[in-house]
Every structure is written in C-alpha cells, then in structure tokens.
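Structure file protein05.pdb with PDB, C-alpha atoms and all ligand atoms:
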ATOM      1  CA  MET A 206       4.322  55.722 -41.099  1.00  0.00           C
ATOM      2  CA  ASN A 207       4.867  57.946 -38.089  1.00  0.00           C
ATOM      3  CA  LYS A 208       6.388  61.294 -38.894  1.00  0.00           C
ATOM      4  CA  LYS A 209       9.814  61.748 -37.388  1.00  0.00           C
ATOM      5  CA  LEU A 210       9.881  64.793 -35.169  1.00  0.00           C
ATOM      6  CA  ALA A 211      12.890  66.480 -33.556  1.00  0.00           C
ATOM      7  CA  ILE A 212      12.777  69.276 -31.021  1.00  0.00           C
ATOM      8  CA  TYR A 213      15.494  71.919 -31.243  1.00  0.00           C
ATOM      9  CA  PRO A 214      15.601  73.716 -27.903  1.00  0.00           C
ATOM     10  CA  GLY A 215      17.525  76.851 -27.074  1.00  0.00           C
ATOM     11  CA  THR A 216      17.456  80.487 -26.147  1.00  0.00           C
ATOM     12  CA  PHE A 217      17.562  81.903 -29.691  1.00  0.00           C
ATOM     13  CA  ASP A 218      18.178  85.469 -28.494  1.00  0.00           C
ATOM     14  CA  PRO A 219      18.185  86.059 -31.440  1.00  0.00           C
ATOM     15  CA  VAL A 220      18.070  83.270 -34.007  1.00  0.00           C
ATOM     16  CA  THR A 221      21.155  83.345 -36.276  1.00  0.00           C
ATOM     17  CA  ASN A 222      22.043  81.817 -39.637  1.00  0.00           C
ATOM     18  CA  GLY A 223      23.925  79.144 -37.661  1.00  0.00           C
ATOM     19  CA  HIS A 224      20.644  78.005 -36.086  1.00  0.00           C
ATOM     20  CA  ILE A 225      18.781  78.181 -39.410  1.00  0.00           C
ATOM     21  CA  ASP A 226      21.516  76.103 -41.067  1.00  0.00           C
ATOM     22  CA  ILE A 227      21.131  73.382 -38.422  1.00  0.00           C
ATOM     23  CA  VAL A 228      17.343  73.330 -38.870  1.00  0.00           C
ATOM     24  CA  ALA A 229      17.527  73.250 -42.673  1.00  0.00           C
ATOM     25  CA  ARG A 230      19.954  70.321 -42.567  1.00  0.00           C
ATOM     26  CA  ALA A 231      17.925  68.511 -39.908  1.00  0.00           C
ATOM     27  CA  LEU A 232      14.931  68.603 -42.255  1.00  0.00           C
ATOM     28  CA  ASP A 233      16.824  66.201 -44.538  1.00  0.00           C
ATOM     29  CA  ILE A 234      16.734  63.711 -41.668  1.00  0.00           C
ATOM     30  CA  PHE A 235      13.489  64.528 -39.848  1.00  0.00           C
ATOM     31  CA  ASP A 236      10.015  65.243 -41.215  1.00  0.00           C
ATOM     32  CA  GLU A 237       9.347  67.986 -38.702  1.00  0.00           C
ATOM     33  CA  VAL A 238      11.410  70.194 -36.444  1.00  0.00           C
ATOM     34  CA  ILE A 239       9.989  72.266 -33.614  1.00  0.00           C
ATOM     35  CA  ILE A 240      12.244  75.135 -32.589  1.00  0.00           C
ATOM     36  CA  ALA A 241      11.553  75.411 -28.878  1.00  0.00           C
ATOM     37  CA  VAL A 242      12.355  78.687 -27.170  1.00  0.00           C
ATOM     38  CA  LEU A 243      13.033  78.323 -23.476  1.00  0.00           C
ATOM     39  CA  VAL A 244      11.083  80.803 -21.379  1.00  0.00           C
ATOM     40  CA  ASN A 245      13.146  82.154 -18.465  1.00  0.00           C
ATOM     41  CA  GLY A 246      16.392  80.865 -19.949  1.00  0.00           C
ATOM     42  CA  SER A 247      18.551  83.951 -19.787  1.00  0.00           C
ATOM     43  CA  LYS A 248      17.800  86.555 -17.161  1.00  0.00           C
ATOM     44  CA  GLU A 249      17.876  89.635 -19.315  1.00  0.00           C
ATOM     45  CA  PRO A 250      17.173  88.693 -22.893  1.00  0.00           C
ATOM     46  CA  VAL A 251      17.414  91.335 -25.607  1.00  0.00           C
ATOM     47  CA  PHE A 252      14.271  90.006 -27.285  1.00  0.00           C
ATOM     48  CA  SER A 253      11.121  88.855 -25.494  1.00  0.00           C
ATOM     49  CA  VAL A 254       9.961  85.294 -26.107  1.00  0.00           C
ATOM     50  CA  LYS A 255       7.197  86.667 -28.333  1.00  0.00           C
ATOM     51  CA  GLU A 256       9.710  88.645 -30.391  1.00  0.00           C
ATOM     52  CA  ARG A 257      12.046  85.653 -30.649  1.00  0.00           C
ATOM     53  CA  LEU A 258       9.219  83.426 -31.876  1.00  0.00           C
ATOM     54  CA  ALA A 259       8.174  86.011 -34.464  1.00  0.00           C
ATOM     55  CA  LEU A 260      11.765  86.339 -35.711  1.00  0.00           C
ATOM     56  CA  ILE A 261      12.119  82.558 -35.959  1.00  0.00           C
ATOM     57  CA  ASN A 262       8.839  82.330 -37.883  1.00  0.00           C
ATOM     58  CA  GLN A 263       9.928  85.011 -40.344  1.00  0.00           C
ATOM     59  CA  SER A 264      13.371  83.449 -40.730  1.00  0.00           C
ATOM     60  CA  THR A 265      12.052  79.936 -41.417  1.00  0.00           C
ATOM     61  CA  ALA A 266       9.130  80.865 -43.677  1.00  0.00           C
ATOM     62  CA  HIS A 267      11.013  79.322 -46.637  1.00  0.00           C
ATOM     63  CA  LEU A 268      11.360  75.934 -44.909  1.00  0.00           C
ATOM     64  CA  ARG A 269       8.651  73.259 -44.832  1.00  0.00           C
ATOM     65  CA  GLY A 270       8.093  71.283 -41.667  1.00  0.00           C
ATOM     66  CA  VAL A 271       9.298  73.826 -39.107  1.00  0.00           C
ATOM     67  CA  LYS A 272       7.409  75.562 -36.370  1.00  0.00           C
ATOM     68  CA  ALA A 273       8.387  77.611 -33.348  1.00  0.00           C
ATOM     69  CA  GLU A 274       6.985  77.241 -29.859  1.00  0.00           C
ATOM     70  CA  SER A 275       7.981  78.318 -26.390  1.00  0.00           C
ATOM     71  CA  TYR A 276       8.324  76.012 -23.429  1.00  0.00           C
ATOM     72  CA  ASP A 277       8.910  76.393 -19.743  1.00  0.00           C
ATOM     73  CA  GLY A 278      10.269  73.940 -17.216  1.00  0.00           C
ATOM     74  CA  LEU A 279      11.978  70.660 -17.984  1.00  0.00           C
ATOM     75  CA  LEU A 280      12.799  69.826 -21.568  1.00  0.00           C
ATOM     76  CA  VAL A 281      11.972  66.157 -20.937  1.00  0.00           C
ATOM     77  CA  ASP A 282       8.429  67.108 -19.890  1.00  0.00           C
ATOM     78  CA  TYR A 283       7.998  69.263 -22.967  1.00  0.00           C
ATOM     79  CA  LEU A 284       9.225  66.382 -25.165  1.00  0.00           C
ATOM     80  CA  LYS A 285       6.717  64.039 -23.521  1.00  0.00           C
ATOM     81  CA  SER A 286       3.892  66.491 -24.155  1.00  0.00           C
ATOM     82  CA  LYS A 287       4.843  66.443 -27.849  1.00  0.00           C
ATOM     83  CA  ASN A 288       5.274  62.678 -27.954  1.00  0.00           C
ATOM     84  CA  CYS A 289       8.818  63.225 -29.186  1.00  0.00           C
ATOM     85  CA  ASN A 290      12.053  61.480 -28.143  1.00  0.00           C
ATOM     86  CA  VAL A 291      14.658  63.359 -30.176  1.00  0.00           C
ATOM     87  CA  VAL A 292      16.482  66.495 -29.062  1.00  0.00           C
ATOM     88  CA  LEU A 293      18.374  68.301 -31.811  1.00  0.00           C
ATOM     89  CA  ARG A 294      21.432  70.375 -30.924  1.00  0.00           C
ATOM     90  CA  GLY A 295      24.201  72.028 -32.891  1.00  0.00           C
ATOM     91  CA  LEU A 296      27.893  71.697 -32.138  1.00  0.00           C
ATOM     92  CA  ARG A 297      30.312  74.438 -33.050  1.00  0.00           C
ATOM     93  CA  VAL A 298      33.663  74.153 -31.391  1.00  0.00           C
ATOM     94  CA  ALA A 299      35.139  71.613 -29.005  1.00  0.00           C
ATOM     95  CA  THR A 300      34.230  73.805 -26.038  1.00  0.00           C
ATOM     96  CA  ASP A 301      30.515  73.248 -26.756  1.00  0.00           C
ATOM     97  CA  LEU A 302      30.997  69.562 -26.209  1.00  0.00           C
ATOM     98  CA  GLU A 303      31.317  69.393 -22.446  1.00  0.00           C
ATOM     99  CA  TYR A 304      28.173  71.422 -21.792  1.00  0.00           C
ATOM    100  CA  GLU A 305      26.216  69.561 -24.457  1.00  0.00           C
ATOM    101  CA  PHE A 306      27.399  66.226 -23.064  1.00  0.00           C
ATOM    102  CA  GLN A 307      26.169  67.220 -19.597  1.00  0.00           C
ATOM    103  CA  LEU A 308      22.784  68.281 -20.920  1.00  0.00           C
ATOM    104  CA  ALA A 309      22.307  65.211 -23.081  1.00  0.00           C
ATOM    105  CA  THR A 310      23.321  62.910 -20.234  1.00  0.00           C
ATOM    106  CA  ALA A 311      21.010  64.640 -17.747  1.00  0.00           C
ATOM    107  CA  ASN A 312      18.064  64.446 -20.127  1.00  0.00           C
ATOM    108  CA  ASN A 313      18.770  60.807 -20.877  1.00  0.00           C
ATOM    109  CA  MET A 314      18.956  59.993 -17.163  1.00  0.00           C
ATOM    110  CA  MET A 315      15.621  61.651 -16.516  1.00  0.00           C
ATOM    111  CA  ASP A 316      14.087  59.837 -19.456  1.00  0.00           C
ATOM    112  CA  PRO A 317      16.157  57.003 -20.984  1.00  0.00           C
ATOM    113  CA  GLY A 318      14.003  57.044 -24.107  1.00  0.00           C
ATOM    114  CA  ILE A 319      15.425  60.396 -25.140  1.00  0.00           C
ATOM    115  CA  GLU A 320      18.201  60.660 -27.701  1.00  0.00           C
ATOM    116  CA  THR A 321      20.112  63.843 -28.454  1.00  0.00           C
ATOM    117  CA  VAL A 322      21.207  64.199 -32.064  1.00  0.00           C
ATOM    118  CA  PHE A 323      24.038  66.614 -32.828  1.00  0.00           C
ATOM    119  CA  LEU A 324      24.739  68.254 -36.144  1.00  0.00           C
ATOM    120  CA  MET A 325      28.096  69.888 -36.702  1.00  0.00           C
ATOM    121  CA  THR A 326      27.956  73.513 -37.670  1.00  0.00           C
ATOM    122  CA  SER A 327      28.832  74.510 -41.220  1.00  0.00           C
ATOM    123  CA  ALA A 328      32.314  76.015 -41.482  1.00  0.00           C
ATOM    124  CA  ASN A 329      30.987  79.565 -42.020  1.00  0.00           C
ATOM    125  CA  TYR A 330      29.215  79.577 -38.676  1.00  0.00           C
ATOM    126  CA  VAL A 331      31.794  77.997 -36.400  1.00  0.00           C
ATOM    127  CA  PHE A 332      32.355  81.151 -34.366  1.00  0.00           C
ATOM    128  CA  LEU A 333      28.818  82.480 -34.608  1.00  0.00           C
ATOM    129  CA  THR A 334      26.883  82.811 -31.366  1.00  0.00           C
ATOM    130  CA  SER A 335      23.825  84.829 -30.435  1.00  0.00           C
ATOM    131  CA  SER A 336      25.906  86.673 -27.861  1.00  0.00           C
ATOM    132  CA  VAL A 337      28.496  87.800 -30.438  1.00  0.00           C
ATOM    133  CA  VAL A 338      25.628  89.085 -32.575  1.00  0.00           C
ATOM    134  CA  ARG A 339      24.013  90.937 -29.646  1.00  0.00           C
ATOM    135  CA  GLU A 340      27.318  92.445 -28.652  1.00  0.00           C
ATOM    136  CA  ALA A 341      28.131  93.649 -32.166  1.00  0.00           C
ATOM    137  CA  TYR A 342      24.756  95.282 -32.845  1.00  0.00           C
ATOM    138  CA  SER A 343      24.575  96.849 -29.392  1.00  0.00           C
ATOM    139  CA  HIS A 344      27.706  98.831 -30.308  1.00  0.00           C
ATOM    140  CA  GLY A 345      26.541  99.712 -33.803  1.00  0.00           C
ATOM    141  CA  GLY A 346      28.282  96.833 -35.590  1.00  0.00           C
ATOM    142  CA  LEU A 347      26.439  94.977 -38.347  1.00  0.00           C
ATOM    143  CA  LEU A 348      26.681  91.277 -39.208  1.00  0.00           C
ATOM    144  CA  PRO A 349      24.199  90.892 -42.085  1.00  0.00           C
ATOM    145  CA  LYS A 350      25.881  87.721 -43.389  1.00  0.00           C
ATOM    146  CA  PHE A 351      25.278  85.957 -40.103  1.00  0.00           C
ATOM    147  CA  VAL A 352      21.661  86.741 -39.299  1.00  0.00           C
ATOM    148  CA  PRO A 353      18.406  86.485 -41.267  1.00  0.00           C
ATOM    149  CA  PRO A 354      17.202  89.823 -42.735  1.00  0.00           C
ATOM    150  CA  ALA A 355      14.352  90.106 -40.219  1.00  0.00           C
ATOM    151  CA  VAL A 356      16.815  89.702 -37.343  1.00  0.00           C
ATOM    152  CA  HIS A 357      19.186  92.261 -38.845  1.00  0.00           C
ATOM    153  CA  GLU A 358      16.340  94.829 -38.979  1.00  0.00           C
ATOM    154  CA  ALA A 359      15.072  93.944 -35.519  1.00  0.00           C
ATOM    155  CA  LEU A 360      18.540  94.334 -33.986  1.00  0.00           C
ATOM    156  CA  ILE A 361      19.060  97.728 -35.612  1.00  0.00           C
ATOM    157  CA  ASN A 362      15.676  98.899 -34.275  1.00  0.00           C
ATOM    158  CA  LYS A 363      16.305  97.453 -30.842  1.00  0.00           C
ATOM    159  CA  PHE A 364      19.571  99.316 -30.358  1.00  0.00           C
ATOM    160  CA  LYS A 365      18.526 102.546 -32.078  1.00  0.00           C
ATOM    161  CA  LYS A 366      19.096 105.413 -29.703  1.00  0.00           C
TER     162      LYS A 366
HETATM  163  P1  LIG B   1      21.477  77.649 -25.589  1.00  0.00           P
HETATM  164  O1  LIG B   1      21.391  78.931 -24.817  1.00  0.00           O
HETATM  165  O2  LIG B   1      20.618  76.549 -25.092  1.00  0.00           O
HETATM  166  O3  LIG B   1      22.889  77.191 -25.922  1.00  0.00           O
HETATM  167  P2  LIG B   1      21.289  78.769 -28.201  1.00  0.00           P
HETATM  168  O4  LIG B   1      20.112  79.494 -28.722  1.00  0.00           O
HETATM  169  O5  LIG B   1      22.524  79.558 -27.974  1.00  0.00           O
HETATM  170  O6  LIG B   1      20.788  78.031 -26.927  1.00  0.00           O
HETATM  171  O7  LIG B   1      21.648  77.558 -29.138  1.00  0.00           O
HETATM  172  C1  LIG B   1      20.744  76.508 -29.380  1.00  0.00           C
HETATM  173  C2  LIG B   1      21.498  75.373 -30.056  1.00  0.00           C
HETATM  174  O8  LIG B   1      22.018  75.820 -31.291  1.00  0.00           O
HETATM  175  C3  LIG B   1      22.694  74.838 -29.277  1.00  0.00           C
HETATM  176  O9  LIG B   1      22.778  73.441 -29.484  1.00  0.00           O
HETATM  177  C4  LIG B   1      23.867  75.521 -29.911  1.00  0.00           C
HETATM  178  O10 LIG B   1      25.049  74.764 -29.787  1.00  0.00           O
HETATM  179  C5  LIG B   1      23.396  75.566 -31.346  1.00  0.00           C
HETATM  180  N1  LIG B   1      24.043  76.641 -32.099  1.00  0.00           N
HETATM  181  C6  LIG B   1      24.131  77.936 -31.779  1.00  0.00           C
HETATM  182  N2  LIG B   1      24.832  78.639 -32.704  1.00  0.00           N
HETATM  183  C7  LIG B   1      25.216  77.729 -33.640  1.00  0.00           C
HETATM  184  C8  LIG B   1      25.999  77.804 -34.834  1.00  0.00           C
HETATM  185  N3  LIG B   1      26.551  78.940 -35.221  1.00  0.00           N
HETATM  186  N4  LIG B   1      26.175  76.668 -35.530  1.00  0.00           N
HETATM  187  C9  LIG B   1      25.646  75.505 -35.094  1.00  0.00           C
HETATM  188  N5  LIG B   1      24.924  75.354 -33.976  1.00  0.00           N
HETATM  189  C10 LIG B   1      24.705  76.454 -33.254  1.00  0.00           C
END
Represent the structure of the file as structure tokens.
Amino acid sequence: MNKKLAIYPGTFDPVTNGHIDIVARALDIFDEVIIAVLVNGSKEPVFSVKERLALINQSTAHLRGVKAESYDGLLVDYLKSKNCNVVLRGLRVATDLEYEFQLATANNMMDPGIETVFLMTSANYVFLTSSVVREAYSHGGLLPKFVPPAVHEALINKFKK
C-alpha cells in the first residue's frame, strides 16, 4: 500500500505548539507529514530558514513520520516533486478562513489533483500565532506553554541584548 503523505507548508517563524499539535494529530490520519518551510516567505524573518528547520527538527523529535524541508517557488510544484497531492493546513479562528480558502482554491486551480485538508486548532491554541510569540519575546515576555522548549531557548537567545 502506498504511504499517505501530507505536506504542511508555512513560514514557521518560529514553530509553535499550535503547529506541533496540528502535525501530531495529522499523523493519526497520514503516514508521513513533511513540514515545508517557505523560503522568502516573510521579508524579515526572525529566524533563518536553517534555524527554523533545526527548531522544527528538535521540536518534532518525539514524533514518528515527520520531517522538515524548505521549498521555494510554487507550492504545487513542490508537491509534484514529492509526488504528493495533499496540503495540510490548520484553522484557528474564522478570520483564517478567507485567506485559507483563497490559497486552497488557487492551488486547486493550478493543479486540480490537489486537496487541502484542514484541521481545527485545539482550544488552547486558538489565539496562538508565530507573530504573537515573536512580539512577546522581543519585549522580554515569555510564553513557555505555547512554544516547544527549544524554541523558548532560541527566542530568549535571539532577543538577548
Ligand atoms: P503562513 O505564514 O503560511 O500562515 P504559518 O507558519 O503562520 O504560515 O502557519 C502555517 C499553518 O499553520 C497555517 O495553516 C496556519 O493556519 C496554521 N497554524 C498556525 N498557528 C496555528 C495554531 N495555533 N493552531 C492551528 N493551526 C495553526
């Protein structure tokens, strides 16, 4: 039987417990998940792609069937190169929906074989975004319940004066 693979694309600057929760739950549905970090996504990321990949690897070491890669260019081309037709995305609040709907529709129009699968966030992580985390740590705030330990340490070091 073919292994079922899903690709979870995003910026992951940095990966949070909300992302990890989506991946862990997706592994009950899929055999493998590739967390795909978009190169050149945000203009001034806090963490380089290399750092983001390392943090994802450390934060998913306890999960079987996950790996992290970077990709550049169109997601549909990256999916093709992996022989994969499933995009995994997380949904938090209603405001995510419009953007996600646009993305999923665009990808499906470029390649009708592609399906986007959404998992709803767990209640604890509804308001958790990478940007809230970056903002908090940049001003000396700590959110250890919302980020993996490696990310917590990396954020403290990054913003150390
Ligand atoms: P992007 O910049 O492409 O939105 P992110 O790294 O912010 O990338 O997020 C990647 C995916 O993870 C998106 O589908 C986003 O909705 C989802 N996600 C982010 N934070 C959470 C969370 N707290 N709970 C569930 N899904 C989340």
Practice problem: May I have the residues within 9 Å of ligand LIG 1 (chain B), computed using only C-alpha atoms and all ligand atoms, as a PyMOL selection string? | Solution: chain A and resi 213-227+242-243+246-247+293-298+301-302+304-305+323-336+351
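Minimum atom-to-atom distance to A:Leu268, evaluated using all atoms listed in the file, belongs to A:Glu237 out of A:Ile212, A:Val281, A:Glu237, A:Asn288.
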Quiz item: Distance atom CA of A:Ile361-atom CA of A:Arg257, one decimal place?
Solution: 14.8 Å
Quiz item: So how far away is atom CA of A:Leu284 from atom CA of A:Asp316, in Å?
Solution: 10.0 Å
Exercise. Write out as a list of chain:residue names which residues come within 6 Å of A:Phe235 when counting only C-alpha atoms, dropping same-chain ones fewer than 3 positions away.
Key: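 Residues near the query, excluding close chain neighbours: A:Lys209, A:Leu210, A:Ala231, A:Leu232.
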Mind dumping the selected residues with C-alpha atoms as an mmCIF file, in the frame of the given file?
data_model
loop_
_atom_site.group_PDB
_atom_site.id
_atom_site.type_symbol
_atom_site.label_atom_id
_atom_site.label_comp_id
_atom_site.auth_asym_id
_atom_site.auth_seq_id
_atom_site.Cartn_x
_atom_site.Cartn_y
_atom_site.Cartn_z
ATOM 1 C CA LYS A 209 9.814 61.748 -37.388
ATOM 2 C CA LEU A 210 9.881 64.793 -35.169
ATOM 3 C CA ALA A 231 17.925 68.511 -39.908
ATOM 4 C CA LEU A 232 14.931 68.603 -42.255
#
Quiz prompt | Picked residues, the PyMOL selection byres (((chain A and resi 254) around 8) and not hetatm), expected as a PyMOL selection string | solution = chain A and resi 242+244+252-253+255-258+275
Quiz item: Using all atoms listed in the file, which of A:Leu280, A:Val238, A:Val291, A:Val338 sits nearest A:Ala311?
Solution: A:Leu280
Quiz item: If you count all atoms listed in the file, which residues fall within 6 Å of stretch 272-274 of chain A, apart from same-chain ones fewer than 3 positions away, as an NGL selection string?
Solution: :A and (239-241)
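One distance worth recording is that between atom CA of A:Thr321 and atom CA of A:Ala309, which is 6.0 Å.
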Quiz item: With distances taken over all atoms listed in the file, which of A:Val356, A:Lys287, A:Phe306, A:Asn313 is nearest to A:Ala259?
Solution: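 The answer is A:Val356, which sits nearest to A:Ala259.
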